[in-house]
file final_24.cif (mmCIF, C-alpha atoms)
data_query
loop_
_atom_site.label_atom_id
_atom_site.label_comp_id
_atom_site.auth_asym_id
_atom_site.auth_seq_id
_atom_site.Cartn_x
_atom_site.Cartn_y
_atom_site.Cartn_z
CA MET H 28 -2.29 -2.50 -17.51
CA ASP H 29 0.45 -2.72 -14.89
CA SER H 30 -0.14 -5.17 -12.08
CA PRO H 31 0.01 -3.98 -8.45
CA THR H 32 2.98 -6.32 -8.06
CA SER H 33 5.79 -7.39 -10.30
CA ALA H 34 5.48 -10.35 -12.62
CA LYS H 35 5.79 -13.03 -9.92
CA PRO H 36 2.43 -14.77 -9.39
CA ARG H 37 0.89 -14.75 -5.95
CA HIS H 38 0.75 -18.04 -4.07
CA PRO H 39 -2.06 -18.14 -1.47
CA PRO H 40 -1.70 -20.56 1.43
CA LYS H 41 -2.87 -24.16 1.55
CA ARG H 42 -6.45 -24.83 2.61
CA SER H 43 -6.96 -25.92 6.21
CA ARG H 44 -9.89 -26.41 8.56
CA THR H 45 -8.91 -23.43 10.69
CA LEU H 46 -6.83 -20.34 10.14
CA ALA H 47 -3.29 -20.47 11.43
CA PRO H 48 -2.55 -18.78 14.78
CA ALA H 49 -2.35 -15.01 14.45
CA THR H 50 0.20 -12.51 15.72
CA ALA H 51 0.33 -8.71 15.66
CA LEU H 52 1.52 -7.20 12.37
CA SER H 53 5.14 -6.25 13.04
CA GLN H 54 5.72 -3.94 10.06
CA GLN H 55 2.68 -1.66 10.09
CA VAL H 56 3.53 1.92 9.09
CA GLY H 57 0.02 3.41 9.02
CA GLY H 58 -3.60 2.77 9.86
CA HIS H 59 -5.19 1.69 13.13
CA ALA H 60 -3.76 -0.81 15.61
CA GLY H 61 -5.16 -4.33 15.85
CA VAL H 62 -4.08 -5.71 12.47
CA GLN H 63 -2.68 -9.24 12.73
CA THR H 64 -1.07 -11.81 10.45
CA THR H 65 -1.34 -15.55 10.39
CA GLU H 66 1.63 -17.48 11.71
CA ASP H 67 3.11 -17.94 8.24
CA GLU H 68 2.50 -14.21 7.52
CA SER H 69 0.68 -14.95 4.25
CA LEU H 70 -2.68 -13.58 5.41
CA LEU H 71 -3.68 -10.31 7.05
CA LEU H 72 -6.48 -10.21 9.65
CA LYS H 73 -7.91 -6.71 9.85
CA PRO H 74 -10.78 -5.63 12.14
CA ALA H 75 -13.30 -3.90 9.89
CA LEU H 76 -16.50 -1.89 9.96
CA PRO H 77 -19.46 -2.87 7.73
CA ARG H 78 -18.72 -0.25 5.06
CA GLU H 79 -15.22 -1.63 4.40
CA ILE H 80 -16.50 -5.20 4.28
CA THR H 81 -19.22 -4.15 1.85
CA PHE H 82 -16.67 -2.45 -0.40
CA TYR H 83 -14.47 -5.55 -0.63
CA GLN H 84 -17.52 -7.68 -1.39
CA LEU H 85 -18.74 -5.25 -4.06
CA VAL H 86 -15.39 -5.23 -5.84
CA ARG H 87 -15.09 -9.01 -5.60
CA ASP H 88 -18.59 -9.72 -6.92
CA ILE H 89 -19.04 -6.79 -9.30
CA ALA H 90 -21.07 -7.59 -12.39
CA ASP H 91 -22.12 -4.06 -13.38
CA ALA H 92 -19.28 -2.23 -15.11
CA SER H 93 -21.07 1.14 -14.91
CA THR H 94 -19.61 1.91 -11.47
CA GLY H 95 -16.03 1.32 -12.62
CA LEU H 96 -15.27 -0.75 -9.52
CA HIS H 97 -14.03 -3.59 -11.71
CA LEU H 98 -11.11 -1.33 -12.66
CA LEU H 99 -9.88 -1.40 -9.06
CA LYS H 100 -9.97 -5.16 -8.54
CA GLU H 101 -6.35 -5.75 -9.49
CA TRP H 102 -5.20 -2.88 -7.25
CA ILE H 103 -6.64 -3.98 -3.93
CA PRO H 104 -5.47 -6.85 -1.70
CA LYS H 105 -6.95 -10.24 -2.51
CA PHE H 106 -10.05 -10.70 -0.34
CA PHE H 107 -10.63 -14.17 1.17
CA GLY H 108 -13.67 -13.53 3.34
CA VAL H 109 -14.81 -12.35 6.76
CA LEU H 110 -14.34 -13.76 10.25
CA ASN H 111 -16.54 -13.11 13.27
CA LEU H 112 -13.79 -13.13 15.90
CA GLU H 113 -12.98 -16.78 15.16
CA GLY H 114 -13.70 -18.87 12.10
CA LYS H 115 -12.86 -21.77 9.85
CA LEU H 116 -12.66 -22.25 6.13
CA ALA H 117 -15.76 -23.94 4.77
CA ASP H 118 -13.84 -26.20 2.38
CA PRO H 119 -11.37 -28.41 4.28
CA GLY H 120 -9.89 -29.86 1.09
CA SER H 121 -6.18 -30.50 1.00
CA GLY H 122 -5.47 -28.97 -2.42
CA ASP H 123 -4.06 -25.56 -3.22
CA VAL H 124 -6.39 -22.60 -3.09
CA ASP H 125 -7.50 -21.66 -6.59
CA LEU H 126 -5.91 -18.33 -7.50
CA GLY H 127 -9.25 -17.21 -8.91
CA GLY H 128 -11.38 -18.53 -6.06
CA ILE H 129 -12.52 -17.04 -2.75
CA PRO H 130 -12.53 -19.43 0.24
CA THR H 131 -15.74 -19.25 2.30
CA ILE H 132 -15.20 -18.61 6.00
CA ILE H 133 -17.77 -19.90 8.50
CA PRO H 134 -18.15 -18.00 11.80
CA THR H 135 -17.63 -20.17 14.88
CA SER H 136 -18.37 -17.75 17.69
CA ASP H 137 -21.06 -15.32 18.77
CA SER H 138 -20.58 -11.98 17.06
CA ASN H 139 -22.43 -10.17 19.88
CA SER H 140 -19.31 -9.70 21.93
CA GLY H 141 -20.32 -6.36 23.40
CA SER H 142 -17.16 -4.76 22.05
CA ASN H 143 -17.28 -1.13 21.01
CA GLY H 144 -14.96 -1.82 18.09
CA PRO H 145 -15.46 -3.83 14.88
CA SER H 146 -16.80 -7.34 15.55
CA GLN H 147 -15.81 -8.66 12.13
CA THR H 148 -12.38 -9.24 10.65
CA LEU H 149 -11.35 -9.08 7.01
CA VAL H 150 -9.10 -11.87 5.76
CA LEU H 151 -6.79 -10.39 3.12
CA GLU H 152 -3.54 -11.28 1.44
CA ASN H 153 -0.53 -9.81 3.22
CA LEU H 154 1.10 -7.62 0.58
CA ILE H 155 4.51 -7.60 2.27
CA HIS H 156 4.70 -11.39 2.49
CA GLY H 157 7.72 -12.70 0.61
CA TYR H 158 9.89 -9.59 0.91
CA ARG H 159 13.18 -9.99 2.75
CA LYS H 160 13.52 -6.31 3.65
CA PRO H 161 10.18 -4.62 2.85
CA CYS H 162 10.46 -0.86 2.48
CA ILE H 163 6.89 0.36 3.03
CA LEU H 164 5.16 3.70 2.44
CA ASP H 165 1.53 4.55 3.29
CA VAL H 166 0.29 7.63 1.39
CA LYS H 167 -3.09 8.94 2.54
CA LEU H 168 -5.11 10.20 -0.44
CA GLY H 169 -7.68 12.95 -0.77
CA THR H 170 -8.42 16.51 0.26
CA VAL H 171 -11.49 15.63 2.37
CA LEU H 172 -10.88 13.67 5.58
CA TYR H 173 -14.46 13.27 6.85
CA ASP H 174 -17.67 11.48 5.87
CA GLU H 175 -20.63 13.58 4.79
CA ASP H 176 -22.69 12.15 7.66
CA ALA H 177 -20.03 12.90 10.29
CA PRO H 178 -20.95 15.18 13.22
CA GLU H 179 -20.25 18.86 12.59
CA ALA H 180 -17.60 18.93 15.31
CA LYS H 181 -15.68 16.12 13.62
CA LYS H 182 -15.99 17.77 10.22
CA ALA H 183 -14.52 20.97 11.62
CA ARG H 184 -11.68 19.03 13.25
CA MET H 185 -10.87 17.13 10.06
CA ILE H 186 -10.97 20.30 7.93
CA LYS H 187 -8.49 21.86 10.36
CA THR H 188 -6.24 18.78 10.16
CA ALA H 189 -6.31 18.82 6.34
CA LYS H 190 -5.36 22.49 6.21
CA GLU H 191 -2.59 22.10 8.82
CA THR H 192 -1.00 19.22 6.91
CA THR H 193 -0.35 18.59 3.22
CA SER H 194 -3.74 16.94 2.55
CA PHE H 195 -5.85 19.97 1.68
CA GLN H 196 -3.39 21.58 -0.73
CA THR H 197 -1.86 18.50 -2.38
CA GLY H 198 -4.29 15.61 -1.78
CA VAL H 199 -1.61 13.48 -0.07
CA ARG H 200 -0.11 12.96 3.35
CA LEU H 201 2.79 10.64 4.11
CA THR H 202 1.22 8.63 6.91
CA GLY H 203 4.36 6.66 7.72
CA PHE H 204 7.13 4.65 6.15
CA GLN H 205 10.10 2.42 6.80
CA VAL H 206 13.28 1.74 4.83
CA TYR H 207 16.25 -0.58 5.23
CA SER H 208 19.99 -0.40 5.01
CA ASN H 209 21.49 -3.35 3.19
CA PHE H 210 23.91 -3.69 6.10
CA SER H 211 21.39 -3.88 8.96
CA PRO H 212 18.50 -6.25 9.77
CA ASP H 213 16.47 -3.46 11.41
CA PRO H 214 14.20 -1.02 9.57
CA ILE H 215 14.50 2.75 9.86
CA ALA H 216 11.01 4.04 10.64
CA HIS H 217 9.36 7.43 10.10
CA GLY H 218 6.03 7.71 11.91
CA LYS H 219 2.89 9.82 11.55
CA ALA H 220 4.48 12.82 13.26
CA TYR H 221 7.03 13.15 10.46
CA GLY H 222 4.40 13.18 7.73
CA LYS H 223 2.23 15.67 9.60
CA SER H 224 5.21 17.99 10.09
CA LEU H 225 5.89 18.34 6.37
CA LYS H 226 4.83 21.39 4.37
CA PRO H 227 3.71 20.93 0.75
CA GLU H 228 7.06 22.19 -0.54
CA GLN H 229 8.83 19.57 1.64
CA LEU H 230 6.98 16.51 0.36
CA HIS H 231 9.78 15.75 -2.09
CA GLU H 232 12.12 15.35 0.90
CA GLY H 233 9.86 12.63 2.28
CA ILE H 234 9.92 10.78 -1.04
CA GLU H 235 13.73 11.10 -1.12
CA HIS H 236 13.86 9.55 2.36
CA PHE H 237 11.65 6.67 1.22
CA PHE H 238 13.63 6.10 -2.00
CA PRO H 239 17.17 6.79 -0.73
CA CYS H 240 20.16 6.11 -2.94
CA CYS H 241 23.15 4.32 -1.42
CA LEU H 242 26.40 5.06 -3.23
CA SER H 243 28.72 2.70 -1.35
CA ALA H 244 28.76 -1.08 -1.20
CA SER H 245 30.99 -1.09 1.89
CA PRO H 246 29.33 -1.42 5.31
CA GLU H 247 32.44 0.09 6.91
CA SER H 248 32.21 3.31 4.92
CA ASN H 249 28.47 3.73 4.46
CA SER H 250 25.57 2.17 6.38
CA ALA H 251 22.91 4.50 5.02
CA ALA H 252 19.60 3.17 3.80
CA GLY H 253 18.84 2.77 0.13
CA LEU H 254 19.36 0.77 -3.03
CA PRO H 255 22.27 1.27 -5.42
CA PRO H 256 21.43 3.83 -8.15
CA ASP H 257 21.45 1.23 -10.94
CA THR H 258 18.70 -0.68 -9.11
CA LEU H 259 16.83 2.32 -7.76
CA LEU H 260 16.34 3.94 -11.18
CA PRO H 261 14.43 1.04 -12.83
CA LEU H 262 12.45 0.63 -9.61
CA LEU H 263 11.30 4.25 -9.74
CA THR H 264 10.46 3.94 -13.44
CA SER H 265 8.30 0.87 -12.77
CA VAL H 266 6.60 2.35 -9.71
CA HIS H 267 5.72 5.49 -11.69
CA ALA H 268 4.22 3.35 -14.47
CA SER H 269 2.07 1.43 -11.98
CA LEU H 270 0.91 4.64 -10.29
CA THR H 271 -0.07 6.00 -13.70
CA SER H 272 -2.23 2.94 -14.34
CA LEU H 273 -3.76 3.12 -10.86
CA ARG H 274 -4.61 6.79 -11.43
CA LYS H 275 -6.39 5.85 -14.66
CA ALA H 276 -8.39 3.16 -12.83
CA LEU H 277 -9.43 5.62 -10.10
CA GLU H 278 -10.50 8.13 -12.75
CA GLY H 279 -12.98 5.58 -14.05
CA ALA H 280 -14.38 4.57 -10.65
CA HIS H 281 -17.54 6.15 -9.21
CA LEU H 282 -16.63 6.43 -5.55
CA ARG H 283 -15.83 8.74 -2.67
CA MET H 284 -12.81 7.58 -0.70
CA VAL H 285 -12.10 9.13 2.69
CA GLY H 286 -8.99 7.91 4.48
CA GLY H 287 -7.90 5.55 1.71
CA SER H 288 -4.21 5.06 0.93
CA VAL H 289 -1.77 4.03 -1.72
CA LEU H 290 0.63 1.44 -0.34
CA ILE H 291 4.07 1.21 -1.95
CA VAL H 292 6.38 -1.66 -1.01
CA TYR H 293 9.77 -2.47 -2.49
CA GLU H 294 12.60 -4.88 -1.76
CA GLY H 295 15.38 -3.27 0.28
CA ASP H 296 17.72 -6.23 0.07
CA TRP H 297 20.26 -5.50 -2.67
CA GLU H 298 20.72 -9.09 -3.82
CA ARG H 299 17.01 -9.85 -4.11
CA ALA H 300 16.23 -6.47 -5.67
CA ALA H 301 18.90 -6.93 -8.33
CA ALA H 302 17.75 -10.50 -8.98
CA SER H 303 14.17 -9.34 -9.53
CA LEU H 304 15.32 -7.07 -12.37
CA GLY H 305 16.67 -10.03 -14.35
CA HIS H 306 14.31 -12.73 -13.06
CA PRO H 307 11.03 -11.11 -11.97
CA GLU H 308 9.35 -14.51 -11.81
CA GLU H 309 11.58 -15.50 -8.88
CA CYS H 310 11.02 -12.55 -6.53
CA ARG H 311 9.11 -9.27 -6.46
CA LEU H 312 10.82 -5.92 -6.75
CA TYR H 313 7.83 -3.84 -5.71
CA THR H 314 4.10 -3.67 -5.01
CA VAL H 315 1.66 -0.80 -5.56
CA ALA H 316 -1.82 -1.20 -4.09
CA LEU H 317 -4.88 0.67 -2.86
CA ILE H 318 -5.84 0.02 0.79
CA ASP H 319 -8.09 1.19 3.66
CA PHE H 320 -11.74 1.47 2.63
CA ALA H 321 -13.53 2.00 5.97
CA HIS H 322 -14.95 5.30 4.66
CA THR H 323 -15.31 4.49 0.95
CA GLN H 324 -18.67 4.41 -0.78
CA VAL H 325 -19.98 4.04 -4.32
CA VAL H 326 -21.59 7.17 -5.80
CA SER H 327 -23.26 8.05 -9.08
CA GLU H 328 -21.38 11.21 -10.05
CA GLY H 329 -17.96 10.09 -11.15
CA PRO H 330 -14.48 9.94 -9.60
CA ASP H 331 -13.20 11.48 -6.38
CA ARG H 332 -11.41 14.63 -7.53
CA GLY H 333 -9.54 15.02 -4.26
CA VAL H 334 -8.13 11.50 -4.62
CA LEU H 335 -7.12 12.18 -8.23
CA LYS H 336 -5.38 15.35 -7.07
CA GLY H 337 -3.43 13.26 -4.61
CA MET H 338 -2.47 10.76 -7.30
CA ASP H 339 -1.23 13.61 -9.50
CA THR H 340 0.89 14.91 -6.63
CA LEU H 341 2.32 11.46 -5.94
CA LEU H 342 3.09 10.93 -9.63
CA TYR H 343 4.91 14.26 -9.75
CA LEU H 344 6.95 13.44 -6.63
CA VAL H 345 7.98 9.97 -7.83
CA ASP H 346 8.86 11.32 -11.28
CA LYS H 347 10.96 14.08 -9.70
CA ARG H 348 12.85 11.49 -7.68
CA ARG H 349 13.29 9.35 -10.80
CA LYS H 350 14.77 12.29 -12.72
CA ASP H 351 17.13 13.14 -9.83
CA VAL H 352 18.41 9.55 -9.69
CA ALA H 353 18.72 9.40 -13.50
CA GLU H 354 20.90 12.51 -13.39
CA LEU H 355 23.02 10.93 -10.65
CA VAL H 356 23.47 7.75 -12.71
CA ALA H 357 24.42 9.78 -15.78
CA ASN H 358 26.98 11.82 -13.84
CA ARG H 359 28.55 8.67 -12.39
CA GLU H 360 28.89 7.22 -15.89
CA VAL H 361 30.60 10.41 -17.11
CA GLN H 362 32.99 10.32 -14.16
CA SER H 363 33.81 6.66 -14.72
CA HIS H 364 34.87 7.43 -18.30
CA ALA H 365 36.78 10.58 -17.43
#
call {"tool": "encode", "arguments": {"input": "final_24.cif", "output": "structure tokens"}}
result
Amino acid sequence: MDSPTSAKPRHPPKRSRTLAPATALSQQVGGHAGVQTTEDESLLLKPALPREITFYQLVRDIADASTGLHLLKEWIPKFFGVLNLEGKLADPGSGDVDLGGIPTIIPTSDSNSGSNGPSQTLVLENLIHGYRKPCILDVKLGTVLYDEDAPEAKKARMIKTAKETTSFQTGVRLTGFQVYSNFSPDPIAHGKAYGKSLKPEQLHEGIEHFFPCCLSASPESNSAAGLPPDTLLPLLTSVHASLTSLRKALEGAHLRMVGGSVLIVYEGDWERAAASLGHPEECRLYTVALIDFAHTQVVSEGPDRGVLKGMDTLLYLVDKRRKDVAELVANREVQSHA
């Protein structure tokens, strides 16, 4: 089965008595505010409600294969534990963290802070760590945007939102994304408003904007975002393969996922992206992962059909983009031999 990242192994940080100082996540394209990273950007600190914490713990500790949750383990961010506002790692050893182990985090402050928001914080791997120019897309999955126990007023509001956007008809909404030009250090961002403005028949335009193709290697003549076609085509082929495997895993999982997303990240730096094609052990070309489980719960009656519908839509869109770029590459080869 395809991994959520390329072949390069993940390298968690060294153990220490306390977590490194945290700063606000600078490249967040979706989700709620408040997410932070450690100073070295290797870990993500995300305020979380009990249901999301429970989900990560269930997937980490799953022993019963009947729920299918074990199929999702390789597709979600590595889970290191939970902090209550502040915390320290239980094991202060100086060795590397075992790739297969989960560090225990001991709370060091009173969790009764009186805050109206989440009092606990998930400690997760930062999936964009290690990318030089991370192009990031958050795709919200599902046709239902509310919990079954939500107030009727909220249900009505969420049904209206789903029908006014692409969620209800296609099972996806482009929550937000950013891309890079090879000739600029600054990302080009598309926020929530852009994704909400799209009609179902326009979704392919959003995917084209996230996977742009740059046809010139000269910063003077072309500063548009995108990878060269010869790099973009194998990237799209690999991303589609990973999405296919993720869809298969979701089909076998007994859950209802409201507000969950597929996160797609790829390297926007031409040199590193090209190097990853020949030497994937040195740097990652892309990451595909499943994120955001604040409203996810295990059920007994099979997969979430709305989520699967969204995966089918996303697979179609990525495959369409792949075919368009393949045609472009073929035409360029014909022209070069003319």
call {"tool": "resolve_selection", "arguments": {"input": "final_24.cif", "expression": "the PyMOL selection byres ((chain H and resi 170) around 12)", "output": "MDAnalysis selection string"}}
result
chainID H and resid 167:169 171:174 185:200 283:287 331:338 340
call {"tool": "write_last_selection", "arguments": {"input": "final_24.cif", "atoms": "C-alpha atoms", "output": "PDB file, in the coordinates of the input"}}
result
ATOM      1  CA  LYS H 167      -3.090   8.940   2.540  1.00  0.00           C
ATOM      2  CA  LEU H 168      -5.110  10.200  -0.440  1.00  0.00           C
ATOM      3  CA  GLY H 169      -7.680  12.950  -0.770  1.00  0.00           C
ATOM      4  CA  VAL H 171     -11.490  15.630   2.370  1.00  0.00           C
ATOM      5  CA  LEU H 172     -10.880  13.670   5.580  1.00  0.00           C
ATOM      6  CA  TYR H 173     -14.460  13.270   6.850  1.00  0.00           C
ATOM      7  CA  ASP H 174     -17.670  11.480   5.870  1.00  0.00           C
ATOM      8  CA  MET H 185     -10.870  17.130  10.060  1.00  0.00           C
ATOM      9  CA  ILE H 186     -10.970  20.300   7.930  1.00  0.00           C
ATOM     10  CA  LYS H 187      -8.490  21.860  10.360  1.00  0.00           C
ATOM     11  CA  THR H 188      -6.240  18.780  10.160  1.00  0.00           C
ATOM     12  CA  ALA H 189      -6.310  18.820   6.340  1.00  0.00           C
ATOM     13  CA  LYS H 190      -5.360  22.490   6.210  1.00  0.00           C
ATOM     14  CA  GLU H 191      -2.590  22.100   8.820  1.00  0.00           C
ATOM     15  CA  THR H 192      -1.000  19.220   6.910  1.00  0.00           C
ATOM     16  CA  THR H 193      -0.350  18.590   3.220  1.00  0.00           C
ATOM     17  CA  SER H 194      -3.740  16.940   2.550  1.00  0.00           C
ATOM     18  CA  PHE H 195      -5.850  19.970   1.680  1.00  0.00           C
ATOM     19  CA  GLN H 196      -3.390  21.580  -0.730  1.00  0.00           C
ATOM     20  CA  THR H 197      -1.860  18.500  -2.380  1.00  0.00           C
ATOM     21  CA  GLY H 198      -4.290  15.610  -1.780  1.00  0.00           C
ATOM     22  CA  VAL H 199      -1.610  13.480  -0.070  1.00  0.00           C
ATOM     23  CA  ARG H 200      -0.110  12.960   3.350  1.00  0.00           C
ATOM     24  CA  ARG H 283     -15.830   8.740  -2.670  1.00  0.00           C
ATOM     25  CA  MET H 284     -12.810   7.580  -0.700  1.00  0.00           C
ATOM     26  CA  VAL H 285     -12.100   9.130   2.690  1.00  0.00           C
ATOM     27  CA  GLY H 286      -8.990   7.910   4.480  1.00  0.00           C
ATOM     28  CA  GLY H 287      -7.900   5.550   1.710  1.00  0.00           C
ATOM     29  CA  ASP H 331     -13.200  11.480  -6.380  1.00  0.00           C
ATOM     30  CA  ARG H 332     -11.410  14.630  -7.530  1.00  0.00           C
ATOM     31  CA  GLY H 333      -9.540  15.020  -4.260  1.00  0.00           C
ATOM     32  CA  VAL H 334      -8.130  11.500  -4.620  1.00  0.00           C
ATOM     33  CA  LEU H 335      -7.120  12.180  -8.230  1.00  0.00           C
ATOM     34  CA  LYS H 336      -5.380  15.350  -7.070  1.00  0.00           C
ATOM     35  CA  GLY H 337      -3.430  13.260  -4.610  1.00  0.00           C
ATOM     36  CA  MET H 338      -2.470  10.760  -7.300  1.00  0.00           C
ATOM     37  CA  THR H 340       0.890  14.910  -6.630  1.00  0.00           C
TER      38      THR H 340
END
call {"tool": "closest_residue", "arguments": {"input": "final_24.cif", "among": "H:Glu235, H:Val292, H:Thr314, H:Glu308", "to": "Lys347 (chain H)", "atoms": "only C-alpha atoms"}}
result
H:Glu235
call {"tool": "resolve_selection", "arguments": {"input": "final_24.cif", "expression": "the PyMOL selection byres ((chain H and resi 80) around 9)", "output": "PyMOL selection string"}}
result
chain H and resi 75-79+81-85+108-109+147-149+320-321
call {"tool": "atom_distance", "arguments": {"input": "final_24.cif", "atom1": "CA of Lys181 (chain H)", "atom2": "CA of Thr202 (chain H)"}}
result
19.7 Å
call {"tool": "atom_distance", "arguments": {"input": "final_24.cif", "atom1": "CA of Tyr313 (chain H)", "atom2": "CA of Leu342 (chain H)"}}
result
16.0 Å
call {"tool": "resolve_selection", "arguments": {"input": "final_24.cif", "expression": "the PyMOL selection byres ((chain H and resi 256) around 9)", "output": "PyMOL selection string"}}
result
chain H and resi 240-242+253-255+257-261+352-353+355-356
call {"tool": "residues_around", "arguments": {"input": "final_24.cif", "residues": "His231 (chain H)", "least_positions_apart": "4", "cutoff": "9 Å", "atoms": "only C-alpha atoms", "output": "PyMOL selection string"}}
result
chain H and resi 227+235-236+344-345+347-348
call {"tool": "residues_around", "arguments": {"input": "final_24.cif", "residues": "Pro212 (chain H)", "least_positions_apart": "2", "cutoff": "10 Å", "atoms": "only C-alpha atoms", "output": "list in words"}}
result
Arg159, Lys160, Tyr207, Ser208, Asn209, Phe210, Pro214, Ile215 and Asp296 of chain H
call {"tool": "closest_residue", "arguments": {"input": "final_24.cif", "among": "H:Leu341, H:Cys310, H:Leu282, H:Ala276", "to": "Gly157 (chain H)", "atoms": "all atoms listed in the file"}}
result
H:Cys310
call {"tool": "atom_distance", "arguments": {"input": "final_24.cif", "atom1": "CA of Asp91 (chain H)", "atom2": "CA of His281 (chain H)"}}
result
11.9 Å
call {"tool": "residues_near_point", "arguments": {"input": "final_24.cif", "point": "(5.8, 9.3, 13.6)", "cutoff": "9 Å", "atoms": "all atoms listed in the file", "output": "PDB file with C-alpha atoms, in the coordinates of the input"}}
result
ATOM      1  CA  VAL H  56       3.530   1.920   9.090  1.00  0.00           C
ATOM      2  CA  THR H 202       1.220   8.630   6.910  1.00  0.00           C
ATOM      3  CA  GLY H 203       4.360   6.660   7.720  1.00  0.00           C
ATOM      4  CA  PHE H 204       7.130   4.650   6.150  1.00  0.00           C
ATOM      5  CA  ALA H 216      11.010   4.040  10.640  1.00  0.00           C
ATOM      6  CA  HIS H 217       9.360   7.430  10.100  1.00  0.00           C
ATOM      7  CA  GLY H 218       6.030   7.710  11.910  1.00  0.00           C
ATOM      8  CA  LYS H 219       2.890   9.820  11.550  1.00  0.00           C
ATOM      9  CA  ALA H 220       4.480  12.820  13.260  1.00  0.00           C
ATOM     10  CA  TYR H 221       7.030  13.150  10.460  1.00  0.00           C
ATOM     11  CA  GLY H 222       4.400  13.180   7.730  1.00  0.00           C
ATOM     12  CA  LYS H 223       2.230  15.670   9.600  1.00  0.00           C
TER      13      LYS H 223
END
call {"tool": "closest_residue", "arguments": {"input": "final_24.cif", "among": "H:Glu228, H:Glu152, H:Asp213, H:Glu101", "to": "Ser69 (chain H)", "atoms": "only C-alpha atoms"}}
result
H:Glu152
call {"tool": "closest_residue", "arguments": {"input": "final_24.cif", "among": "H:Lys105, H:Ser265, H:Pro74, H:Ala280", "to": "Ser327 (chain H)", "atoms": "all atoms listed in the file"}}
result
H:Ala280
call {"tool": "closest_residue", "arguments": {"input": "final_24.cif", "among": "H:Ser243, H:Ser272, H:Gln205, H:Thr264", "to": "Ala316 (chain H)", "atoms": "all atoms listed in the file"}}
result
H:Ser272
call {"tool": "build_atoms", "arguments": {"input": "final_24.cif", "residues": "region 193-205 of chain H", "atoms": "N, CA and C atoms", "output": "PDB file, in the coordinates of the input"}}
result
ATOM      1  N   THR H 193      -0.461  18.459   4.677  1.00  0.00           N
ATOM      2  CA  THR H 193      -0.350  18.590   3.220  1.00  0.00           C
ATOM      3  C   THR H 193      -1.603  18.128   2.484  1.00  0.00           C
ATOM      4  N   SER H 194      -2.587  17.565   3.197  1.00  0.00           N
ATOM      5  CA  SER H 194      -3.740  16.940   2.550  1.00  0.00           C
ATOM      6  C   SER H 194      -4.570  17.929   1.735  1.00  0.00           C
ATOM      7  N   PHE H 195      -4.927  19.050   2.326  1.00  0.00           N
ATOM      8  CA  PHE H 195      -5.850  19.970   1.680  1.00  0.00           C
ATOM      9  C   PHE H 195      -5.263  20.552   0.389  1.00  0.00           C
ATOM     10  N   GLN H 196      -3.994  20.914   0.426  1.00  0.00           N
ATOM     11  CA  GLN H 196      -3.390  21.580  -0.730  1.00  0.00           C
ATOM     12  C   GLN H 196      -2.930  20.610  -1.802  1.00  0.00           C
ATOM     13  N   THR H 197      -2.474  19.420  -1.412  1.00  0.00           N
ATOM     14  CA  THR H 197      -1.860  18.500  -2.380  1.00  0.00           C
ATOM     15  C   THR H 197      -2.631  17.199  -2.579  1.00  0.00           C
ATOM     16  N   GLY H 198      -3.553  16.870  -1.660  1.00  0.00           N
ATOM     17  CA  GLY H 198      -4.290  15.610  -1.780  1.00  0.00           C
ATOM     18  C   GLY H 198      -3.529  14.409  -1.281  1.00  0.00           C
ATOM     19  N   VAL H 199      -2.371  14.590  -0.644  1.00  0.00           N
ATOM     20  CA  VAL H 199      -1.610  13.480  -0.070  1.00  0.00           C
ATOM     21  C   VAL H 199      -1.071  13.854   1.304  1.00  0.00           C
ATOM     22  N   ARG H 200      -0.873  12.825   2.118  1.00  0.00           N
ATOM     23  CA  ARG H 200      -0.110  12.960   3.350  1.00  0.00           C
ATOM     24  C   ARG H 200       0.691  11.684   3.546  1.00  0.00           C
ATOM     25  N   LEU H 201       1.956  11.813   3.847  1.00  0.00           N
ATOM     26  CA  LEU H 201       2.790  10.640   4.110  1.00  0.00           C
ATOM     27  C   LEU H 201       2.472  10.161   5.523  1.00  0.00           C
ATOM     28  N   THR H 202       1.673   9.104   5.613  1.00  0.00           N
ATOM     29  CA  THR H 202       1.220   8.630   6.910  1.00  0.00           C
ATOM     30  C   THR H 202       2.348   8.008   7.717  1.00  0.00           C
ATOM     31  N   GLY H 203       3.221   7.301   7.060  1.00  0.00           N
ATOM     32  CA  GLY H 203       4.360   6.660   7.720  1.00  0.00           C
ATOM     33  C   GLY H 203       5.098   5.798   6.732  1.00  0.00           C
ATOM     34  N   PHE H 204       6.375   5.547   7.025  1.00  0.00           N
ATOM     35  CA  PHE H 204       7.130   4.650   6.150  1.00  0.00           C
ATOM     36  C   PHE H 204       8.341   4.085   6.870  1.00  0.00           C
ATOM     37  N   GLN H 205       8.869   3.017   6.301  1.00  0.00           N
ATOM     38  CA  GLN H 205      10.100   2.420   6.800  1.00  0.00           C
ATOM     39  C   GLN H 205      10.978   2.042   5.619  1.00  0.00           C
TER      40      GLN H 205
END
